[in-house]
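Content type mmCIF, C-alpha atoms, from the file start_34.cif:
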```cif
data_upload
#
loop_
_atom_site.label_atom_id
_atom_site.label_comp_id
_atom_site.auth_asym_id
_atom_site.auth_seq_id
_atom_site.Cartn_x
_atom_site.Cartn_y
_atom_site.Cartn_z
CA MET C 129 117.16 108.60 85.18
CA ARG C 130 117.69 104.90 85.75
CA LYS C 131 116.47 102.61 82.98
CA ARG C 132 116.39 99.36 84.95
CA PHE C 133 113.76 99.04 87.66
CA ILE C 134 113.64 95.26 88.19
CA SER C 135 116.46 93.62 90.11
CA LEU C 136 116.78 90.31 91.96
CA PRO C 137 115.83 91.82 95.37
CA VAL C 138 112.79 93.54 93.81
CA LEU C 139 111.75 90.25 92.20
CA VAL C 140 112.12 88.50 95.57
CA VAL C 141 109.86 91.10 97.22
CA LEU C 142 107.19 90.70 94.54
CA LEU C 143 107.28 86.89 94.67
CA ALA C 144 107.12 86.89 98.48
CA THR C 145 104.20 89.34 98.39
CA GLY C 146 102.32 87.16 95.91
CA PHE C 147 102.94 84.01 97.95
CA VAL C 148 101.87 85.57 101.26
CA TYR C 149 98.77 87.10 99.66
CA TYR C 150 97.70 83.83 98.03
CA THR C 151 98.27 81.81 101.22
CA THR C 152 96.53 84.34 103.48
CA VAL C 153 93.44 84.82 101.31
CA PHE C 154 92.90 81.61 99.37
CA ILE C 155 94.17 79.10 101.91
CA VAL C 156 94.02 80.50 105.45
CA THR C 157 90.93 82.70 105.09
CA GLU C 158 89.13 80.19 102.87
CA GLN C 159 89.87 77.23 105.15
CA TRP C 160 89.07 79.11 108.37
CA LEU C 161 86.25 81.55 107.58
CA SER C 162 85.32 80.70 103.97
CA LEU C 163 85.35 83.40 101.33
CA SER C 164 81.65 82.85 100.78
CA SER C 165 80.87 84.08 104.30
CA ALA C 166 80.55 87.74 105.25
CA SER C 167 83.45 87.64 107.71
CA GLY C 168 85.72 85.78 105.31
CA LEU C 169 84.96 88.15 102.44
CA LEU C 170 85.44 91.22 104.65
CA ASN C 171 88.84 90.02 105.85
CA ALA C 172 89.87 89.20 102.30
CA ILE C 173 88.83 92.67 101.10
CA ILE C 174 90.71 94.42 103.91
CA PHE C 175 93.88 92.42 103.33
CA THR C 176 93.62 92.94 99.58
CA GLY C 177 93.33 96.69 100.12
CA LEU C 178 96.41 96.74 102.35
CA THR C 179 98.34 94.67 99.80
CA LEU C 180 97.35 96.96 96.93
CA MET C 181 98.36 100.07 98.88
CA SER C 182 101.68 98.45 99.71
CA LEU C 183 102.29 97.63 96.04
CA VAL C 184 101.37 101.14 94.92
CA CYS C 185 103.79 102.67 97.42
CA TYR C 186 106.45 100.13 96.48
CA THR C 187 106.09 100.90 92.78
CA LEU C 188 106.33 104.64 93.39
CA ALA C 189 109.41 104.21 95.58
CA ILE C 190 111.04 102.25 92.76
CA VAL C 191 110.14 104.35 89.72
CA LYS C 192 110.24 107.85 91.21
CA ASP C 193 113.53 109.67 90.92
CA PRO C 194 114.69 110.50 94.46
CA GLY C 195 115.87 113.95 93.34
CA GLN C 196 118.65 115.03 91.02
CA VAL C 197 120.98 118.00 91.45
CA PRO C 198 120.83 120.41 88.49
CA PRO C 199 124.23 120.57 86.72
CA SER C 200 124.24 124.35 87.00
CA TYR C 201 123.57 124.41 90.73
CA MET C 202 125.55 126.96 92.75
CA ARG C 203 125.06 128.11 96.33
CA ASP C 204 124.51 131.83 96.78
CA LEU C 205 126.53 132.84 99.83
CA GLU C 206 124.95 136.29 99.80
CA ASP C 207 121.36 135.06 99.81
CA PRO C 208 119.72 136.86 102.78
CA ASN C 209 117.12 134.10 103.08
CA VAL C 210 119.76 131.49 103.87
CA SER C 211 121.23 131.76 107.35
CA MET C 212 123.25 128.53 107.34
CA HIS C 213 125.48 126.88 104.76
CA GLU C 214 126.73 123.32 104.90
CA VAL C 215 130.48 123.09 104.53
CA LYS C 216 133.14 120.40 104.67
CA ARG C 217 134.44 119.38 108.06
CA LYS C 218 137.98 119.88 106.84
CA GLY C 219 138.80 123.25 105.31
CA GLY C 220 135.36 124.83 105.70
CA ASP C 221 134.75 124.98 101.94
CA LEU C 222 131.34 124.54 100.37
CA ARG C 223 130.67 120.90 99.66
CA TYR C 224 131.69 119.99 96.12
CA CYS C 225 131.23 116.60 94.44
CA GLN C 226 134.34 115.72 92.45
CA LYS C 227 132.59 112.81 90.73
CA CYS C 228 129.55 114.76 89.55
CA GLY C 229 131.43 118.02 89.01
CA HIS C 230 129.05 120.35 90.84
CA TYR C 231 128.39 121.78 94.29
CA LYS C 232 126.18 119.81 96.66
CA PRO C 233 122.95 121.37 97.88
CA PRO C 234 122.14 121.07 101.59
CA ARG C 235 121.44 117.46 102.65
CA ALA C 236 122.51 116.07 99.26
CA HIS C 237 125.01 113.23 99.08
CA HIS C 238 126.69 111.19 96.37
CA CYS C 239 125.46 107.62 95.93
CA ARG C 240 128.13 105.23 94.77
CA VAL C 241 125.52 102.77 93.50
CA CYS C 242 123.47 105.27 91.48
CA LYS C 243 126.67 107.13 90.58
CA ARG C 244 125.20 110.57 91.17
CA CYS C 245 124.25 113.01 93.91
CA VAL C 246 120.80 112.60 95.45
CA LEU C 247 118.76 115.38 97.05
CA ARG C 248 118.09 114.89 100.78
CA MET C 249 119.56 111.42 100.52
CA ASP C 250 118.54 108.99 103.24
CA HIS C 251 120.13 105.77 101.99
CA HIS C 252 120.37 103.48 98.97
CA CYS C 253 117.90 100.63 99.30
CA VAL C 254 118.61 97.41 97.41
CA TRP C 255 115.01 96.27 97.96
CA ILE C 256 113.69 99.08 95.75
CA ASN C 257 116.79 99.24 93.53
CA ASN C 258 116.82 102.98 94.10
CA CYS C 259 117.96 105.67 96.49
CA VAL C 260 115.55 106.98 99.10
CA GLY C 261 115.64 110.74 98.78
CA HIS C 262 113.73 114.00 98.65
CA GLU C 263 111.10 113.04 96.09
CA ASN C 264 110.37 109.40 96.97
CA TYR C 265 110.83 109.33 100.75
CA LYS C 266 107.08 109.61 101.38
CA ALA C 267 106.39 106.64 99.09
CA PHE C 268 109.10 104.62 100.86
CA PHE C 269 107.81 105.51 104.33
CA LEU C 270 104.20 104.68 103.45
CA PHE C 271 105.35 101.43 101.86
CA VAL C 272 106.95 100.35 105.12
CA LEU C 273 103.87 101.50 107.06
CA TYR C 274 101.35 99.63 104.90
CA VAL C 275 103.51 96.49 104.75
CA VAL C 276 103.78 96.40 108.55
CA ILE C 277 100.00 96.72 108.90
CA ALA C 278 99.45 94.05 106.23
CA CYS C 279 101.96 91.67 107.85
CA ILE C 280 100.37 92.05 111.28
CA TYR C 281 96.92 91.51 109.76
CA ALA C 282 98.12 88.37 107.99
CA LEU C 283 99.72 87.06 111.18
CA VAL C 284 96.46 87.56 113.08
CA LEU C 285 94.64 85.50 110.45
CA LEU C 286 97.31 82.80 110.55
CA VAL C 287 97.21 82.61 114.35
CA GLY C 288 93.41 82.50 114.35
CA PHE C 289 93.46 79.71 111.79
CA ALA C 290 96.05 77.74 113.82
CA VAL C 291 94.11 78.15 117.07
CA GLU C 292 90.91 76.98 115.37
CA GLU C 293 92.67 73.94 113.95
CA LEU C 294 94.11 73.00 117.35
CA ARG C 295 90.83 73.62 119.17
CA GLU C 296 88.83 71.41 116.83
CA ASP C 297 91.71 68.92 116.52
CA GLU C 298 90.76 68.24 112.95
CA HIS C 299 93.12 67.48 110.11
CA GLN C 300 90.95 68.13 107.13
CA SER C 301 93.53 70.34 105.44
CA GLY C 302 95.82 68.58 103.00
CA ASN C 303 99.57 68.40 103.48
CA ILE C 304 100.09 70.91 100.68
CA PHE C 305 97.98 73.46 102.57
CA LYS C 306 99.94 72.89 105.77
CA THR C 307 103.17 73.40 103.83
CA TYR C 308 101.88 76.70 102.48
CA TYR C 309 100.90 77.72 106.01
CA ILE C 310 104.30 76.87 107.52
CA VAL C 311 106.26 78.60 104.75
CA CYS C 312 104.03 81.68 104.97
CA ALA C 313 104.49 81.91 108.74
CA SER C 314 108.25 81.43 108.33
CA ILE C 315 108.29 84.44 106.01
CA LEU C 316 105.91 86.65 107.97
CA ILE C 317 107.33 86.36 111.49
CA PRO C 318 110.93 87.53 110.84
CA LEU C 319 109.75 89.95 108.15
CA THR C 320 107.26 91.61 110.50
CA LEU C 321 109.84 91.97 113.27
CA ALA C 322 112.40 93.51 110.89
CA LEU C 323 109.89 95.89 109.32
CA VAL C 324 108.50 97.03 112.69
CA VAL C 325 112.05 98.00 113.70
CA LEU C 326 112.51 99.80 110.36
CA LEU C 327 109.18 101.62 110.73
CA VAL C 328 109.98 102.78 114.27
CA TRP C 329 113.38 103.97 113.08
CA HIS C 330 111.93 106.05 110.24
CA MET C 331 109.16 107.39 112.47
CA TYR C 332 111.91 108.70 114.72
CA LEU C 333 113.79 110.20 111.76
CA LEU C 334 110.61 111.73 110.34
CA SER C 335 109.59 113.28 113.67
CA HIS C 336 113.02 114.94 113.95
CA ASN C 337 113.35 115.78 110.23
CA LYS C 338 116.53 113.75 109.92
CA THR C 339 117.87 111.35 107.33
CA THR C 340 119.78 108.19 108.18
CA ILE C 341 122.98 109.90 107.03
CA GLU C 342 122.26 112.99 109.13
CA TYR C 343 121.59 110.87 112.19
CA HIS C 344 125.05 109.32 112.04
CA GLU C 345 126.64 112.69 111.30
CA GLY C 346 124.68 114.17 114.19
CA VAL C 347 126.15 111.69 116.65
CA ARG C 348 129.60 113.13 116.00
CA ALA C 349 128.30 116.71 115.97
CA MET C 350 126.57 116.14 119.30
CA TRP C 351 129.77 114.77 120.81
CA LEU C 352 131.76 117.78 119.58
CA ASP C 353 129.18 120.25 120.91
CA GLU C 354 129.06 118.54 124.30
CA LYS C 355 132.84 118.63 124.41
CA ALA C 356 132.72 122.38 123.70
CA GLY C 357 130.02 122.96 126.31
CA ARG C 358 127.25 123.62 123.78
CA VAL C 359 123.83 122.01 123.36
CA TYR C 360 123.45 120.32 119.97
CA ARG C 361 120.30 120.76 117.95
CA HIS C 362 119.63 119.29 114.53
CA PRO C 363 119.38 122.36 112.25
CA TYR C 364 116.44 121.03 110.22
CA ASP C 365 114.31 120.04 113.22
CA LEU C 366 111.49 122.61 113.12
CA GLY C 367 109.04 120.88 115.46
CA LEU C 368 106.97 117.72 115.08
CA TYR C 369 104.12 119.08 112.95
CA THR C 370 106.34 121.08 110.61
CA ASN C 371 108.65 118.09 110.23
CA LEU C 372 105.72 115.87 109.25
CA VAL C 373 104.38 118.43 106.79
CA SER C 374 107.78 118.78 105.11
CA VAL C 375 107.68 115.11 104.09
CA LEU C 376 104.02 114.04 104.05
CA GLY C 377 102.61 117.28 102.65
CA PRO C 378 100.47 120.16 103.94
CA ASN C 379 97.14 118.35 103.54
CA GLN C 380 96.71 116.05 106.55
CA ALA C 381 93.89 114.15 104.84
CA LYS C 382 96.38 113.03 102.17
CA TRP C 383 99.24 112.03 104.47
CA ILE C 384 98.47 108.34 103.95
CA CYS C 385 97.90 108.73 100.20
CA PRO C 386 101.06 107.73 98.30
CA THR C 387 100.09 109.51 95.08
CA ALA C 388 99.56 112.88 96.82
CA LEU C 389 102.55 115.21 96.64
CA GLY C 390 104.44 114.97 99.90
CA TYR C 391 107.72 116.80 99.71
CA ILE C 392 107.80 120.60 99.80
CA GLY C 393 110.18 122.64 97.69
CA SER C 394 112.78 121.74 95.10
CA GLY C 395 115.11 119.96 97.48
CA LEU C 396 117.83 122.54 96.86
CA ARG C 397 117.05 124.57 99.97
CA PHE C 398 115.58 123.64 103.35
CA PRO C 399 114.46 125.91 106.19
CA THR C 400 116.37 125.61 109.45
CA TYR C 401 115.74 126.78 112.99
CA HIS C 402 118.56 129.25 112.38
CA ASP C 403 116.22 131.11 110.00
CA ASN C 404 113.95 131.97 112.92
CA ILE C 405 116.73 133.40 115.03
CA SER C 406 118.72 134.98 112.17
CA CYS C 407 121.81 133.01 112.97
CA GLY C 408 124.62 133.30 110.46
CA GLN C 409 126.87 130.54 111.70
CA LEU C 410 128.01 127.77 109.39
CA GLY C 411 126.86 124.18 109.84
CA SER C 412 129.57 121.58 109.41
CA VAL C 413 128.67 118.28 107.81
CA LYS C 414 130.43 115.74 105.74
#
```

Translate this file's structure into structure tokens.
Amino acid sequence: MRKRFISLPVLVVLLATGFVYYTTVFIVTEQWLSLSSASGLLNAIIFTGLTLMSLVCYTLAIVKDPGQVPPSYMRDLEDPNVSMHEVKRKGGDLRYCQKCGHYKPPRAHHCRVCKRCVLRMDHHCVWINNCVGHENYKAFFLFVLYVVIACIYALVLLVGFAVEELREDEHQSGNIFKTYYIVCASILIPLTLALVVLLVWHMYLLSHNKTTIEYHEGVRAMWLDEKAGRVYRHPYDLGLYTNLVSVLGPNQAKWICPTALGYIGSGLRFPTYHDNISCGQLGSVK
């Protein structure tokens, strides 16, 4: 378990969040709609709710352990419930981590930053100072989702404020307020574009039950299968609904709730489409 949660990138995220929130609510909304009005108060409440949900998801993504491999873990090759075993590309042996000194469960990978193997590892994210893995992927995904919604909402308020200022051609706002507005817009525009791309990417991964690592490994596997005249299929892709349930949880009403348990199982074993057709072939991954 990591002892240090706060890093420079995490501090930057928190400071940027605080600045954008203050500017959006207490400068833009106050100057344009007034927080004493019903519309101004409603917009402030909605944006505050989105910001709080983003911070809750962000905190969970940081503090939750992504999933640790038990030291005594060992794959059972004779387990009748497991129809596919991940092996090394070279040699065909079961994947073994020399640094951690134990076998790797399916979809687990060693993180050089965290210095340990992570269950269902997606990637190491410097912005949360943590790996994104089996047990905190839902929190990470919802964090990106809520931040995108909050950024778009803030941009709408900023654009509305700018249009109103231009339409009335008034310059009642002080220079300090205009500086806040320009800096806030300079943060929001590139941030929103980057996060929208990230959200679309992880929506694709989630819908196909892939991790970022598995996507890149799958590109090579697809090329090899096409070369051999076979049709490649990601072994953990069980259909859209099942894929969503495996990460967001079985209760659809709690899919957008970051504190509700999302992941299913221990992260040491994952169902594959081979299980449904009783296929005993070996899957080859790095």

- Message: Running the PyMOL selection byres ((chain C and resi 278-291) around 7) on this model by hand, what would come out? Give it as a ChimeraX atom specification.
- Response: /C:152,156,160,175,178-179,274-277,292-295,316,320

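Nearest-residue note for Arg397 of chain C: choosing from C:Pro137, C:Lys232, C:Leu352, C:Ala172, the minimum distance belongs to C:Lys232, counting all atoms listed in the file.
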
- Message: Could you list, as a ChimeraX atom specification, every residue within 10 Å of Tyr231 of chain C, counting all atoms listed in the file and ignoring same-chain residues fewer than 4 positions away?
- Response: /C:197-203,222-226,236,245

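Atom CA of Cys253 of chain C sits 24.2 Å away from atom CA of Cys312 of chain C.
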
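Evaluated against this file, the PyMOL selection byres ((chain C and resi 249) around 6) yields Ala236, His237, Val246, Leu247, Arg248, Asp250, His251 and Gly261 of chain C.
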
Axis-aligned box for all listed atoms of segment 251-265 of chain C, 4 Å per side, centre and edges in Å to one decimal, as JSON:
```
{"center_x": 115.4, "center_y": 105.1, "center_z": 97.8, "size_x": 18.0, "size_y": 25.7, "size_z": 16.5}
```

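Shortest atom-to-atom contact with Lys338 of chain C among C:Leu163, C:Leu326, C:Leu366, C:Leu170: C:Leu366, counting all atoms listed in the file.
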
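Straight-line separation from atom CA of Val375 of chain C to atom CA of Asn264 of chain C: 9.5 Å.
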
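The two atoms in question, atom CA of Tyr149 of chain C and atom CA of Leu180 of chain C, are spaced 10.3 Å apart.
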
- Message: For the provided coordinates, the residues matched by the PyMOL selection byres ((chain C and resi 304-307) around 12) should be stated as a list in words.
- Response: Tyr150, Thr151, Thr152, Phe154, Ile155, Val156, Thr157, Glu158, Gln159, Leu286, Phe289, Ala290, Glu293, His299, Gln300, Ser301, Gly302, Asn303, Tyr308, Tyr309, Ile310, Val311, Cys312, Ala313 and Ser314 of chain C

Residues just named, written with C-alpha atoms as a compact mmCIF listing (two decimals), in the coordinates of the input:
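Result file is selection32.txt:
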```txt
# COMPACT_ATOMS: atom_id res chain seq x y z
CA TYR C 150 97.70 83.83 98.03
CA THR C 151 98.27 81.81 101.22
CA THR C 152 96.53 84.34 103.48
CA PHE C 154 92.90 81.61 99.37
CA ILE C 155 94.17 79.10 101.91
CA VAL C 156 94.02 80.50 105.45
CA THR C 157 90.93 82.70 105.09
CA GLU C 158 89.13 80.19 102.87
CA GLN C 159 89.87 77.23 105.15
CA LEU C 286 97.31 82.80 110.55
CA PHE C 289 93.46 79.71 111.79
CA ALA C 290 96.05 77.74 113.82
CA GLU C 293 92.67 73.94 113.95
CA HIS C 299 93.12 67.48 110.11
CA GLN C 300 90.95 68.13 107.13
CA SER C 301 93.53 70.34 105.44
CA GLY C 302 95.82 68.58 103.00
CA ASN C 303 99.57 68.40 103.48
CA TYR C 308 101.88 76.70 102.48
CA TYR C 309 100.90 77.72 106.01
CA ILE C 310 104.30 76.87 107.52
CA VAL C 311 106.26 78.60 104.75
CA CYS C 312 104.03 81.68 104.97
CA ALA C 313 104.49 81.91 108.74
CA SER C 314 108.25 81.43 108.33
```

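Minimum atom-to-atom distance to Phe133 of chain C, evaluated using only C-alpha atoms, belongs to C:Trp255 out of C:Phe147, C:Trp255, C:Tyr332, C:Tyr360.
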
- Counting all atoms listed in the file, the residue of C:Val153, C:Cys228, C:Ala356, C:Leu139 that sits nearest Asn171 of chain C: C:Val153

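Close to (115.2, 126.5, 98.4), meaning no more than 10 Å away when counting all atoms listed in the file, sit the residues Asn209, Val210, Pro233, Pro234, Ile392, Gly393, Ser394, Gly395, Leu396, Arg397, Phe398 and Pro399 of chain C.
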
Please, could you write that set of residues out with C-alpha atoms as an mmCIF file, in the frame of the given file?
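Dumped to result_17.cif:
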```cif
data_model
loop_
_atom_site.group_PDB
_atom_site.id
_atom_site.type_symbol
_atom_site.label_atom_id
_atom_site.label_comp_id
_atom_site.auth_asym_id
_atom_site.auth_seq_id
_atom_site.Cartn_x
_atom_site.Cartn_y
_atom_site.Cartn_z
ATOM 1 C CA ASN C 209 117.120 134.100 103.080
ATOM 2 C CA VAL C 210 119.760 131.490 103.870
ATOM 3 C CA PRO C 233 122.950 121.370 97.880
ATOM 4 C CA PRO C 234 122.140 121.070 101.590
ATOM 5 C CA ILE C 392 107.800 120.600 99.800
ATOM 6 C CA GLY C 393 110.180 122.640 97.690
ATOM 7 C CA SER C 394 112.780 121.740 95.100
ATOM 8 C CA GLY C 395 115.110 119.960 97.480
ATOM 9 C CA LEU C 396 117.830 122.540 96.860
ATOM 10 C CA ARG C 397 117.050 124.570 99.970
ATOM 11 C CA PHE C 398 115.580 123.640 103.350
ATOM 12 C CA PRO C 399 114.460 125.910 106.190
#
```

- Query: Quick one: residues within 7 Å of Ser335 of chain C, all atoms listed in the file counted, chain neighbours fewer than 5 positions away excluded, as a ChimeraX atom specification?
  - Reply: /C:368,371-372

Hey, could you make a per-residue contact list for segment 355-412 of chain C against segment 344-348 of chain C with 10 Å as the cut-off, showing the nearest pair of atoms and its distance in Å to one decimal, counting all atoms listed in the file, sorted by chain and number, as a tab-separated table?
```
residue	atom	partner	partner_atom	distance
C:Tyr360	CA	C:Gly346	CA	8.5
C:Arg361	CA	C:Gly346	CA	8.8
C:His362	CA	C:Gly346	CA	7.2
C:Pro363	CA	C:Gly346	CA	9.9
C:Ser412	CA	C:Glu345	CA	9.5
```

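Of the listed residues (C:Asn257, C:Ser164, C:Gly229, C:Ile341), C:Asn257 comes nearest to Val241 of chain C; the distances count only C-alpha atoms.
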